[in-house]
$ cat query_15.txt   # compact mmCIF, C-alpha atoms
# COMPACT_ATOMS: atom_id res chain seq x y z
CA MET A 30 -15.41 38.28 -70.56
CA ASP A 31 -13.47 35.56 -68.82
CA TYR A 32 -12.26 32.83 -71.07
CA GLN A 33 -10.24 29.89 -69.83
CA LEU A 34 -7.77 28.65 -72.43
CA ASP A 35 -8.11 24.92 -72.85
CA PHE A 36 -5.08 23.37 -74.54
CA VAL A 37 -5.79 19.94 -73.01
CA GLY A 38 -8.89 19.73 -75.20
CA LEU A 39 -6.62 19.48 -78.24
CA PHE A 40 -4.87 16.38 -76.98
CA PRO A 41 -7.24 13.73 -78.46
CA TYR A 42 -6.31 15.01 -81.91
CA TYR A 43 -2.57 14.44 -81.64
CA LYS A 44 -2.65 11.83 -84.42
CA ASP A 45 -4.11 14.33 -86.90
CA LEU A 46 -1.52 16.80 -85.75
CA VAL A 47 1.33 14.38 -86.35
CA SER A 48 0.12 13.52 -89.86
CA GLY A 49 -0.22 17.24 -90.64
CA ILE A 50 3.30 17.86 -89.39
CA ILE A 51 4.68 15.01 -91.49
CA LEU A 52 2.98 16.21 -94.67
CA THR A 53 4.20 19.79 -94.15
CA ILE A 54 7.76 18.50 -93.63
CA GLN A 55 7.55 16.38 -96.79
CA ILE A 56 6.17 19.29 -98.81
CA THR A 57 8.92 21.56 -97.47
CA ILE A 58 11.78 19.18 -98.29
CA LEU A 59 10.51 18.48 -101.79
CA THR A 60 9.77 22.14 -102.51
CA THR A 61 13.18 23.29 -101.30
CA ILE A 62 15.04 20.77 -103.47
CA LEU A 63 12.93 21.21 -106.61
CA GLY A 64 12.49 24.97 -106.20
CA VAL A 65 16.20 25.68 -105.81
CA SER A 66 17.01 23.35 -108.76
CA PHE A 67 14.43 25.28 -110.79
CA GLY A 68 16.17 28.47 -109.66
CA ILE A 69 19.59 27.23 -110.76
CA ILE A 70 18.28 26.31 -114.21
CA GLY A 71 16.35 29.59 -114.41
CA ALA A 72 19.41 31.61 -113.43
CA ALA A 73 21.58 29.71 -115.93
CA THR A 74 19.05 30.63 -118.62
CA ARG A 75 18.99 34.26 -117.50
CA VAL A 76 22.76 34.63 -117.81
CA GLY A 77 22.94 32.36 -120.88
CA LYS A 78 23.22 33.39 -124.50
CA ASN A 79 19.75 32.56 -125.80
CA LYS A 80 17.87 35.89 -125.86
CA PHE A 81 14.46 34.25 -126.34
CA LEU A 82 14.83 31.93 -123.34
CA GLN A 83 16.24 34.79 -121.32
CA ASN A 84 13.14 36.91 -121.89
CA LEU A 85 10.79 33.96 -121.42
CA VAL A 86 12.22 33.11 -118.00
CA GLY A 87 12.44 36.81 -117.11
CA GLY A 88 8.75 37.35 -117.92
CA PHE A 89 7.73 34.23 -116.04
CA VAL A 90 9.65 35.31 -112.95
CA GLU A 91 8.00 38.75 -113.00
CA VAL A 92 4.51 37.25 -113.28
CA VAL A 93 5.11 34.89 -110.36
CA ARG A 94 6.72 37.54 -108.18
CA ASN A 95 4.01 40.14 -108.77
CA THR A 96 0.91 38.03 -108.09
CA PRO A 97 -0.20 36.52 -104.77
CA PHE A 98 0.56 32.88 -104.05
CA ILE A 99 -3.07 32.07 -103.28
CA VAL A 100 -4.19 33.37 -106.69
CA GLN A 101 -1.54 31.23 -108.42
CA LEU A 102 -2.75 28.28 -106.39
CA PHE A 103 -6.40 28.84 -107.31
CA PHE A 104 -5.48 29.34 -110.95
CA ILE A 105 -3.55 26.06 -111.06
CA PHE A 106 -6.06 24.04 -109.02
CA PHE A 107 -9.36 25.43 -110.34
CA GLY A 108 -8.34 27.03 -113.63
CA LEU A 109 -6.07 24.48 -115.30
CA PRO A 110 -8.56 21.55 -115.16
CA THR A 111 -10.93 23.56 -117.38
CA ILE A 112 -8.33 23.46 -120.16
CA GLY A 113 -7.55 19.79 -119.60
CA PHE A 114 -4.88 19.60 -116.87
CA LYS A 115 -6.46 17.62 -114.07
CA LEU A 116 -4.46 17.81 -110.87
CA THR A 117 -4.98 16.56 -107.34
CA ALA A 118 -4.88 19.16 -104.59
CA LEU A 119 -1.43 18.04 -103.48
CA GLU A 120 -0.05 18.12 -107.04
CA ALA A 121 -1.46 21.59 -107.65
CA GLY A 122 -0.06 22.77 -104.32
CA MET A 123 3.38 21.33 -105.03
CA ILE A 124 3.49 22.90 -108.50
CA ALA A 125 2.51 26.29 -107.10
CA MET A 126 5.14 26.10 -104.35
CA VAL A 127 7.94 24.94 -106.66
CA ILE A 128 7.08 27.64 -109.20
CA ASN A 129 7.07 30.23 -106.46
CA LEU A 130 10.40 29.28 -104.89
CA GLY A 131 11.80 28.71 -108.40
CA ALA A 132 10.95 32.24 -109.53
CA TYR A 133 12.37 33.92 -106.43
CA SER A 134 15.51 31.79 -106.37
CA THR A 135 16.09 32.44 -110.08
CA GLU A 136 16.36 36.14 -109.26
CA ILE A 137 18.47 35.58 -106.13
CA ILE A 138 20.91 33.16 -107.80
CA ARG A 139 21.16 35.37 -110.88
CA ALA A 140 22.15 38.29 -108.64
CA GLY A 141 24.83 36.06 -107.09
CA ILE A 142 26.16 35.08 -110.52
CA GLU A 143 26.30 38.68 -111.67
CA ALA A 144 28.16 39.64 -108.50
CA THR A 145 30.79 37.03 -109.28
CA ASP A 146 33.90 38.45 -110.94
CA LYS A 147 33.81 38.25 -114.76
CA GLY A 148 37.44 37.13 -114.68
CA GLN A 149 36.27 33.81 -113.26
CA TRP A 150 34.55 33.00 -116.56
CA GLU A 151 37.64 33.96 -118.51
CA ALA A 152 39.91 31.97 -116.20
CA GLY A 153 37.70 28.93 -116.67
CA LYS A 154 37.80 29.35 -120.43
CA THR A 155 41.57 29.59 -120.37
CA LEU A 156 41.66 26.26 -118.56
CA GLY A 157 39.75 24.76 -121.47
CA LEU A 158 36.50 24.22 -119.54
CA LYS A 159 33.16 24.25 -121.32
CA TRP A 160 30.43 26.77 -120.49
CA TYR A 161 28.46 24.41 -118.31
CA GLN A 162 31.60 23.19 -116.54
CA ILE A 163 32.57 26.75 -115.66
CA PHE A 164 29.00 27.42 -114.51
CA ILE A 165 28.72 24.37 -112.27
CA HIS A 166 32.23 24.14 -110.84
CA ILE A 167 33.38 27.74 -110.67
CA ILE A 168 30.56 30.26 -110.82
CA LEU A 169 27.76 28.52 -108.93
CA PRO A 170 29.69 27.72 -105.71
CA GLN A 171 30.88 31.32 -105.47
CA ALA A 172 27.43 32.70 -106.26
CA PHE A 173 25.82 30.47 -103.62
CA ASN A 174 28.38 31.57 -101.12
CA LYS A 175 27.31 35.18 -101.64
CA ILE A 176 23.55 34.70 -101.71
CA SER A 177 22.94 31.85 -99.30
CA PRO A 178 21.41 34.06 -96.54
CA ALA A 179 18.87 35.54 -98.99
CA LEU A 180 18.11 32.15 -100.52
CA ILE A 181 17.62 30.54 -97.10
CA SER A 182 15.22 33.32 -96.05
CA GLN A 183 13.26 32.76 -99.22
CA CYS A 184 13.03 29.01 -98.55
CA VAL A 185 11.64 29.79 -95.08
CA ILE A 186 9.09 32.24 -96.53
CA VAL A 187 7.92 29.66 -99.07
CA MET A 188 7.70 26.98 -96.35
CA LEU A 189 5.45 29.30 -94.33
CA GLY A 190 3.39 29.86 -97.47
CA SER A 191 2.54 26.15 -97.50
CA SER A 192 -0.14 26.98 -94.91
CA VAL A 193 -2.18 28.41 -97.79
CA LEU A 194 -2.40 24.92 -99.34
CA SER A 195 -5.05 24.21 -96.67
CA GLN A 196 -7.39 26.33 -98.80
CA ILE A 197 -7.45 23.71 -101.55
CA SER A 198 -7.83 20.94 -98.96
CA VAL A 199 -4.27 19.65 -98.83
CA GLU A 200 -4.18 18.02 -95.42
CA GLU A 201 -1.10 19.77 -94.08
CA LEU A 202 -0.55 21.52 -90.77
CA THR A 203 -2.98 24.42 -91.21
CA PHE A 204 -5.64 22.08 -92.55
CA THR A 205 -5.20 20.07 -89.35
CA ALA A 206 -5.69 23.23 -87.29
CA ASN A 207 -8.89 24.03 -89.19
CA PHE A 208 -10.06 20.46 -88.67
CA ILE A 209 -9.33 20.41 -84.93
CA GLN A 210 -10.98 23.78 -84.34
CA SER A 211 -14.07 22.71 -86.26
CA ARG A 212 -14.36 19.66 -83.98
CA THR A 213 -13.49 21.23 -80.64
CA PHE A 214 -14.43 24.91 -81.20
CA LEU A 215 -11.08 25.67 -79.55
CA SER A 216 -10.10 27.95 -82.42
CA PHE A 217 -7.61 30.18 -80.65
CA GLU A 218 -5.90 27.26 -78.93
CA SER A 219 -5.62 25.28 -82.20
CA TYR A 220 -4.16 28.15 -84.18
CA PHE A 221 -1.89 29.19 -81.34
CA LEU A 222 -0.43 25.70 -81.10
CA ILE A 223 0.03 25.40 -84.86
CA THR A 224 1.60 28.85 -85.08
CA GLY A 225 4.13 27.73 -82.48
CA ILE A 226 4.91 24.64 -84.54
CA TYR A 227 5.47 26.79 -87.64
CA LEU A 228 7.82 29.01 -85.64
CA ILE A 229 9.86 25.95 -84.65
CA PHE A 230 9.83 24.78 -88.28
CA ALA A 231 11.12 28.16 -89.45
CA ILE A 232 13.96 28.15 -86.92
CA VAL A 233 14.91 24.52 -87.65
CA LEU A 234 14.72 24.96 -91.45
CA ARG A 235 16.91 28.06 -91.29
CA PHE A 236 19.43 26.18 -89.14
CA VAL A 237 19.49 23.07 -91.35
CA LEU A 238 19.84 25.05 -94.57
CA THR A 239 22.62 27.18 -93.09
CA VAL A 240 24.54 24.05 -92.10
CA VAL A 241 23.93 22.44 -95.50
CA SER A 242 25.01 25.51 -97.45
CA GLU A 243 28.15 25.86 -95.35
CA LYS A 244 29.02 22.20 -95.90
CA LEU A 245 28.30 22.38 -99.63
CA PHE A 246 29.57 25.75 -100.71
CA LYS A 247 31.58 27.61 -98.13
CA THR A 248 34.36 25.06 -97.81
CA LYS A 249 34.43 24.43 -101.54
CA ALA A 250 34.52 28.08 -102.48
CA MET A 251 37.16 28.77 -99.85
CA LYS A 252 39.30 25.91 -101.04
CA GLU A 253 38.96 27.18 -104.57
CA GLY A 254 39.64 30.69 -103.37
CA ASN A 255 42.97 29.70 -101.86
CA MET B 5 -25.49 29.53 -117.20
CA SER B 6 -25.04 32.95 -115.77
CA ASP B 7 -25.68 36.47 -116.87
CA PHE B 8 -22.11 37.59 -116.14
CA THR B 9 -20.30 38.77 -119.22
CA THR B 10 -16.52 39.10 -119.21
CA LEU B 11 -16.98 42.83 -118.85
CA ASP B 12 -19.21 42.34 -115.80
CA ILE B 13 -16.61 40.11 -114.18
CA PHE B 14 -13.92 42.65 -114.91
CA GLN B 15 -15.95 45.53 -113.49
CA ASN B 16 -16.73 43.63 -110.30
CA LEU B 17 -13.08 42.71 -109.85
CA LEU B 18 -12.04 46.28 -110.45
CA LEU B 19 -14.45 47.47 -107.76
CA ALA B 20 -13.08 44.86 -105.34
CA ALA B 21 -9.52 45.93 -106.13
CA ARG B 22 -10.27 49.20 -104.31
CA TRP B 23 -10.41 47.28 -101.03
CA THR B 24 -7.15 45.51 -101.82
CA ILE B 25 -5.49 48.88 -102.32
CA LEU B 26 -7.10 50.42 -99.23
CA LEU B 27 -6.13 47.49 -97.01
CA SER B 28 -2.58 47.61 -98.42
CA LEU B 29 -2.35 51.32 -97.59
CA ILE B 30 -3.65 50.77 -94.06
CA ALA B 31 -1.18 47.94 -93.48
CA PHE B 32 1.71 49.85 -95.00
CA VAL B 33 1.13 53.15 -93.20
CA GLY B 34 0.22 51.42 -89.92
CA GLY B 35 3.16 49.06 -90.26
CA GLY B 36 5.48 51.98 -90.97
CA ILE B 37 4.34 53.80 -87.83
CA VAL B 38 4.73 50.70 -85.63
CA ALA B 39 8.15 49.97 -87.18
CA GLY B 40 9.21 53.57 -86.47
CA ILE B 41 8.20 53.18 -82.81
CA LEU B 42 10.06 49.86 -82.58
CA ILE B 43 13.21 51.45 -83.99
CA LEU B 44 12.95 54.38 -81.55
CA LEU B 45 12.63 51.86 -78.71
CA ARG B 46 15.66 49.97 -79.99
CA MET B 47 17.67 53.21 -80.04
CA THR B 48 17.28 53.53 -76.27
CA LYS B 49 19.86 50.71 -76.09
CA ASN B 50 17.81 49.06 -73.35
CA SER B 51 18.73 45.38 -73.55
CA ILE B 52 15.30 44.12 -72.45
CA LEU B 53 13.57 46.25 -75.10
CA SER B 54 16.03 45.11 -77.76
CA ALA B 55 15.42 41.47 -76.86
CA PHE B 56 11.67 42.05 -76.98
CA ILE B 57 11.94 43.60 -80.44
CA ARG B 58 14.14 40.76 -81.68
CA ILE B 59 11.58 38.19 -80.51
CA TYR B 60 8.72 40.25 -81.99
CA VAL B 61 10.42 40.33 -85.40
CA GLU B 62 11.33 36.63 -85.18
CA ILE B 63 7.72 35.67 -84.40
CA PHE B 64 6.17 37.65 -87.24
CA GLN B 65 8.80 36.56 -89.77
CA GLY B 66 8.78 32.96 -88.58
CA THR B 67 5.06 32.22 -88.69
CA PRO B 68 2.66 32.15 -91.63
CA LEU B 69 0.70 35.34 -92.29
CA LEU B 70 -2.39 33.16 -92.53
CA MET B 71 -1.89 32.04 -88.91
CA GLN B 72 -1.45 35.64 -87.82
CA LEU B 73 -4.74 36.50 -89.49
CA PHE B 74 -6.50 33.57 -87.83
CA LEU B 75 -5.10 34.45 -84.41
CA ALA B 76 -6.23 38.07 -84.77
CA PHE B 77 -9.64 36.96 -86.01
CA PHE B 78 -10.26 34.30 -83.35
CA GLY B 79 -8.03 35.59 -80.56
CA LEU B 80 -9.27 39.16 -80.09
CA PRO B 81 -12.86 38.08 -79.34
CA LEU B 82 -11.47 36.04 -76.42
CA LEU B 83 -10.21 39.29 -74.93
CA GLY B 84 -13.73 40.64 -75.26
CA ILE B 85 -12.98 42.70 -78.37
CA GLU B 86 -15.45 41.99 -81.13
CA VAL B 87 -13.69 42.16 -84.47
CA GLY B 88 -14.87 41.89 -88.02
CA PRO B 89 -12.71 40.88 -90.98
CA TRP B 90 -11.71 44.54 -91.48
CA THR B 91 -10.23 45.01 -88.03
CA ALA B 92 -8.61 41.58 -87.87
CA ALA B 93 -7.06 41.91 -91.33
CA SER B 94 -5.84 45.48 -90.72
CA LEU B 95 -4.32 44.53 -87.37
CA ALA B 96 -2.59 41.34 -88.55
CA LEU B 97 -1.23 42.92 -91.72
CA THR B 98 -0.05 46.02 -89.83
CA LEU B 99 1.92 43.93 -87.33
CA PHE B 100 3.27 41.67 -90.11
CA THR B 101 4.41 44.72 -92.11
CA SER B 102 5.93 46.41 -89.06
CA ALA B 103 8.17 43.41 -88.32
CA TYR B 104 9.63 43.39 -91.84
CA LEU B 105 9.98 47.18 -92.07
CA CYS B 106 11.69 47.24 -88.67
CA GLU B 107 14.26 44.75 -90.00
CA ILE B 108 14.75 46.61 -93.28
CA TRP B 109 15.09 50.04 -91.68
CA SER B 110 17.40 48.83 -88.90
CA GLY B 111 19.64 47.33 -91.56
CA CYS B 112 19.71 50.65 -93.42
CA LEU B 113 20.56 52.60 -90.26
CA ASN B 114 23.41 50.17 -89.57
CA SER B 115 24.64 50.46 -93.16
CA VAL B 116 25.77 54.05 -92.58
CA PRO B 117 29.57 53.90 -92.07
CA LYS B 118 30.87 54.29 -88.49
CA GLY B 119 33.00 57.21 -89.64
CA GLN B 120 29.84 59.29 -90.04
CA TRP B 121 29.07 58.88 -86.34
CA GLU B 122 32.59 59.83 -85.43
CA ALA B 123 32.55 62.83 -87.76
CA ALA B 124 29.27 64.01 -86.23
CA LYS B 125 30.70 63.61 -82.73
CA THR B 126 33.77 65.63 -83.72
CA LEU B 127 31.45 68.42 -84.83
CA GLY B 128 30.00 68.46 -81.32
CA LEU B 129 26.64 66.87 -82.20
CA ASN B 130 25.05 64.69 -79.53
CA TYR B 131 23.49 61.26 -80.20
CA TYR B 132 20.07 62.51 -81.28
CA GLN B 133 21.45 65.37 -83.37
CA SER B 134 23.79 62.96 -85.17
CA MET B 135 20.90 60.59 -85.74
CA VAL B 136 18.49 63.21 -87.07
CA HIS B 137 20.88 65.32 -89.13
CA VAL B 138 23.54 62.86 -90.26
CA ILE B 139 22.52 59.21 -90.03
CA ILE B 140 18.79 59.19 -90.87
CA PRO B 141 19.05 61.32 -94.06
CA GLN B 142 21.69 58.94 -95.41
CA SER B 143 19.74 55.83 -94.41
CA ILE B 144 16.57 57.07 -96.09
CA ARG B 145 18.40 57.11 -99.40
CA VAL B 146 19.37 53.46 -98.90
CA ALA B 147 15.99 52.44 -97.45
CA THR B 148 13.65 53.71 -100.17
CA ALA B 149 14.23 50.94 -102.70
CA PRO B 150 13.79 47.93 -100.35
CA THR B 151 10.82 49.62 -98.65
CA ILE B 152 8.98 50.03 -101.94
CA GLY B 153 10.03 46.51 -102.90
CA PHE B 154 8.48 45.23 -99.69
CA SER B 155 5.21 47.07 -100.39
CA VAL B 156 4.67 44.47 -103.13
CA GLN B 157 4.73 41.77 -100.43
CA VAL B 158 2.11 43.74 -98.49
CA VAL B 159 -0.22 43.97 -101.49
CA LYS B 160 0.17 40.23 -102.09
CA GLY B 161 -0.31 39.58 -98.37
CA THR B 162 -3.74 41.24 -98.44
CA ALA B 163 -4.91 38.37 -100.68
CA LEU B 164 -4.88 36.11 -97.61
CA ALA B 165 -7.42 38.37 -95.89
CA SER B 166 -9.93 36.78 -98.27
CA ILE B 167 -9.72 33.61 -96.16
CA ILE B 168 -11.16 35.30 -93.07
CA GLY B 169 -13.97 36.72 -95.18
CA PHE B 170 -12.59 40.10 -96.16
CA VAL B 171 -14.04 40.90 -99.57
CA GLU B 172 -11.14 42.15 -101.67
CA LEU B 173 -9.81 41.15 -105.07
CA THR B 174 -9.16 37.46 -104.34
CA LYS B 175 -12.42 36.95 -102.44
CA ALA B 176 -14.32 38.68 -105.24
CA GLY B 177 -12.57 36.29 -107.63
CA THR B 178 -13.69 33.18 -105.71
CA MET B 179 -17.22 34.55 -105.44
CA LEU B 180 -17.42 35.32 -109.16
CA ASN B 181 -16.00 31.89 -109.90
CA ASN B 182 -18.77 30.31 -107.85
CA VAL B 183 -21.35 32.12 -109.98
CA THR B 184 -19.79 31.80 -113.41
CA PHE B 185 -17.92 28.45 -113.16
CA GLU B 186 -15.15 29.95 -115.27
CA PRO B 187 -12.14 29.64 -112.96
CA PHE B 188 -9.56 29.95 -115.73
CA LYS B 189 -10.86 33.29 -116.90
CA VAL B 190 -11.70 34.69 -113.47
CA PHE B 191 -8.43 33.83 -111.73
CA ALA B 192 -6.39 34.92 -114.75
CA MET B 193 -8.12 38.30 -114.53
CA VAL B 194 -7.52 38.46 -110.77
CA ALA B 195 -3.84 37.71 -111.36
CA ILE B 196 -3.61 40.38 -114.06
CA LEU B 197 -5.10 43.00 -111.75
CA TYR B 198 -2.62 42.14 -108.99
CA PHE B 199 0.15 42.32 -111.56
CA VAL B 200 -1.01 45.76 -112.66
CA ILE B 201 -0.86 46.95 -109.04
CA CYS B 202 2.45 45.28 -108.12
CA TYR B 203 4.60 45.48 -111.23
CA PRO B 204 5.01 49.29 -111.28
CA LEU B 205 6.11 49.13 -107.63
CA THR B 206 8.65 46.42 -108.47
CA ARG B 207 9.99 48.42 -111.40
CA TYR B 208 10.20 51.64 -109.40
CA SER B 209 12.06 49.86 -106.61
CA LYS B 210 14.54 48.39 -109.11
CA TYR B 211 15.00 51.80 -110.75
CA LEU B 212 15.78 53.40 -107.37
CA GLU B 213 18.20 50.61 -106.54
CA ARG B 214 20.06 51.11 -109.80
CA LYS B 215 20.16 54.88 -109.33
CA LEU B 216 21.61 54.43 -105.85
CA ASN B 217 24.26 52.01 -107.10
CA VAL B 218 25.32 54.41 -109.83
CA SER B 219 25.55 57.42 -107.52
CA SER B 220 27.54 55.68 -104.80
$ encode --input "query_15.txt" --output "structure tokens"
Amino acid sequence: MDYQLDFVGLFPYYKDLVSGIILTIQITILTTILGVSFGIIGAATRVGKNKFLQNLVGGFVEVVRNTPFIVQLFFIFFGLPTIGFKLTALEAGMIAMVINLGAYSTEIIRAGIEATDKGQWEAGKTLGLKWYQIFIHIILPQAFNKISPALISQCVIVMLGSSVLSQISVEELTFTANFIQSRTFLSFESYFLITGIYLIFAIVLRFVLTVVSEKLFKTKAMKEGN
Amino acid sequence: MSDFTTLDIFQNLLLAARWTILLSLIAFVGGGIVAGILILLRMTKNSILSAFIRIYVEIFQGTPLLMQLFLAFFGLPLLGIEVGPWTAASLALTLFTSAYLCEIWSGCLNSVPKGQWEAAKTLGLNYYQSMVHVIIPQSIRVATAPTIGFSVQVVKGTALASIIGFVELTKAGTMLNNVTFEPFKVFAMVAILYFVICYPLTRYSKYLERKLNVSS
């Protein structure tokens, strides 16, 4: 069978494409910020003194990490309204993404904290700092320094997972691809183009986060190390 | 409303979970074989092959699994190969798995200290003998925990095959939801079944990791 690929046929839909790209970028930025913040709080709880909270967060992380993202998404979007939590598709999608990145980054950041020398806590205490001051100013920068590659990879994975939001009709990039292919029947061309855009996103996001983490943590930790 | 009792829903989901497990096994075994071939190719030290493998890994790690499934499902027919959801899902998940396993295993091979290579050379072993008798046995010890840990990602990845019409646990869940209109119950049960499959793997991987850390 001879099939001529027709990428020109996609051109009339560039406006849909641009709006899909913008929404995916917005979702990614918001998820990364909220998800990592969630992770910091989660990790603080995991290494904190309250046993109950420790187990609660631990259990939550295990549930999120051992069930598929799409099932979490369906549960939040279709399941929660039946017990009274009405959510728009975008809200449900954002919650699912933040929870997901939050759970993974809790584990990653916790590993970084545990790899940080115990003496750092004691040194902080000797200087008269409070628990949260030690955590924020001493432990966290060093932990981030150790785990930033793993955390950045996880942010990229979660960004790529945003394509699943198309299944609950969030009009992001993959939704746009579905829309264009349903109009033009150029399914392979649509998905090929969108896949390429995701690849660029992944490379750019990794680069940006690497630069950000170096600016934020590497210099600080090194200064403090000296 | 419907004649589905909770037990009926559970039984149907349990039956569908078989296909989740089977697809996971196909993807994992197939992905392992492809990853093994990729690593063998990388060992030839051919720079073109190495570049090809790097790009291959980058593409599969840098694009959504959902897109890979769509491309397999819609792309193969353009080449004149008729595919159903089974073939498309198996192929996409196998390639996806192979890219990650290739990365994990390469990392483990590189984690063996250089001194081991030198020691093997001193004993008169050539490259392949050193690899087979010295380096690989040590890397396998390191590789087991992350490999099992990654199998959880494969099981969760199979859930996306539901979108191209593969009837496994998630698809069965959406279908049962359409009949019963009880999304809370149905998707909670789906999630529990995934958890039952994945959690033991997670625990086992953590256990192996801890054992390795203690012994080294």
$ interface_residues --input "query_15.txt" --of "chain B" --to "chain A" --cutoff "8 Å" --atoms "only C-alpha atoms" --output "MDAnalysis selection string"
chainID B and resid 63 66:72 74:75 78:79 82:84 156 160:161 163:164 174 186:189 191:192 194:196 198:199 202:203 206
$ atom_distance --input "query_15.txt" --atom1 "CA of Ser155 (chain B)" --atom2 "CA of Ile140 (chain B)"
20.5 Å
$ closest_residue --input "query_15.txt" --among "A:Ile138, A:Val237, A:Ile209, A:Val90" --to "Gln171 (chain A)" --atoms "all atoms listed in the file"
A:Ile138
$ atom_distance --input "query_15.txt" --atom1 "CA of Tyr131 (chain B)" --atom2 "CA of Lys49 (chain B)"
11.9 Å
$ residues_around --input "query_15.txt" --residues "Gly119 (chain B)" --least-positions-apart "4" --cutoff "12 Å" --atoms "only C-alpha atoms" --output "list in words"
Asn114, Ser115, Ala123, Ala124, Lys125, Thr126, Ser134, Val138 and Ile139 of chain B
$ residues_around --input "query_15.txt" --residues "Val190 (chain B)" --least-positions-apart "6" --cutoff "9 Å" --atoms "all atoms listed in the file" --output "list of chain:residue names"
A:Phe104, A:Gly108, B:Thr10, B:Ile13, B:Phe14, B:Leu17, B:Gly177, B:Thr178, B:Leu180, B:Asn181, B:Thr184
$ closest_residue --input "query_15.txt" --among "A:Ile124, A:Ser211, A:Val76, A:Ser242" --to "Trp150 (chain A)" --atoms "only C-alpha atoms"
A:Val76
$ residues_around --input "query_15.txt" --residues "Ala172 (chain A)" --least-positions-apart "4" --cutoff "7 Å" --atoms "all atoms listed in the file" --output "PyMOL selection string"
chain A and resi 138+141-142+145+168+176
$ atom_distance --input "query_15.txt" --atom1 "CA of Ile56 (chain A)" --atom2 "CA of Met123 (chain A)"
7.1 Å
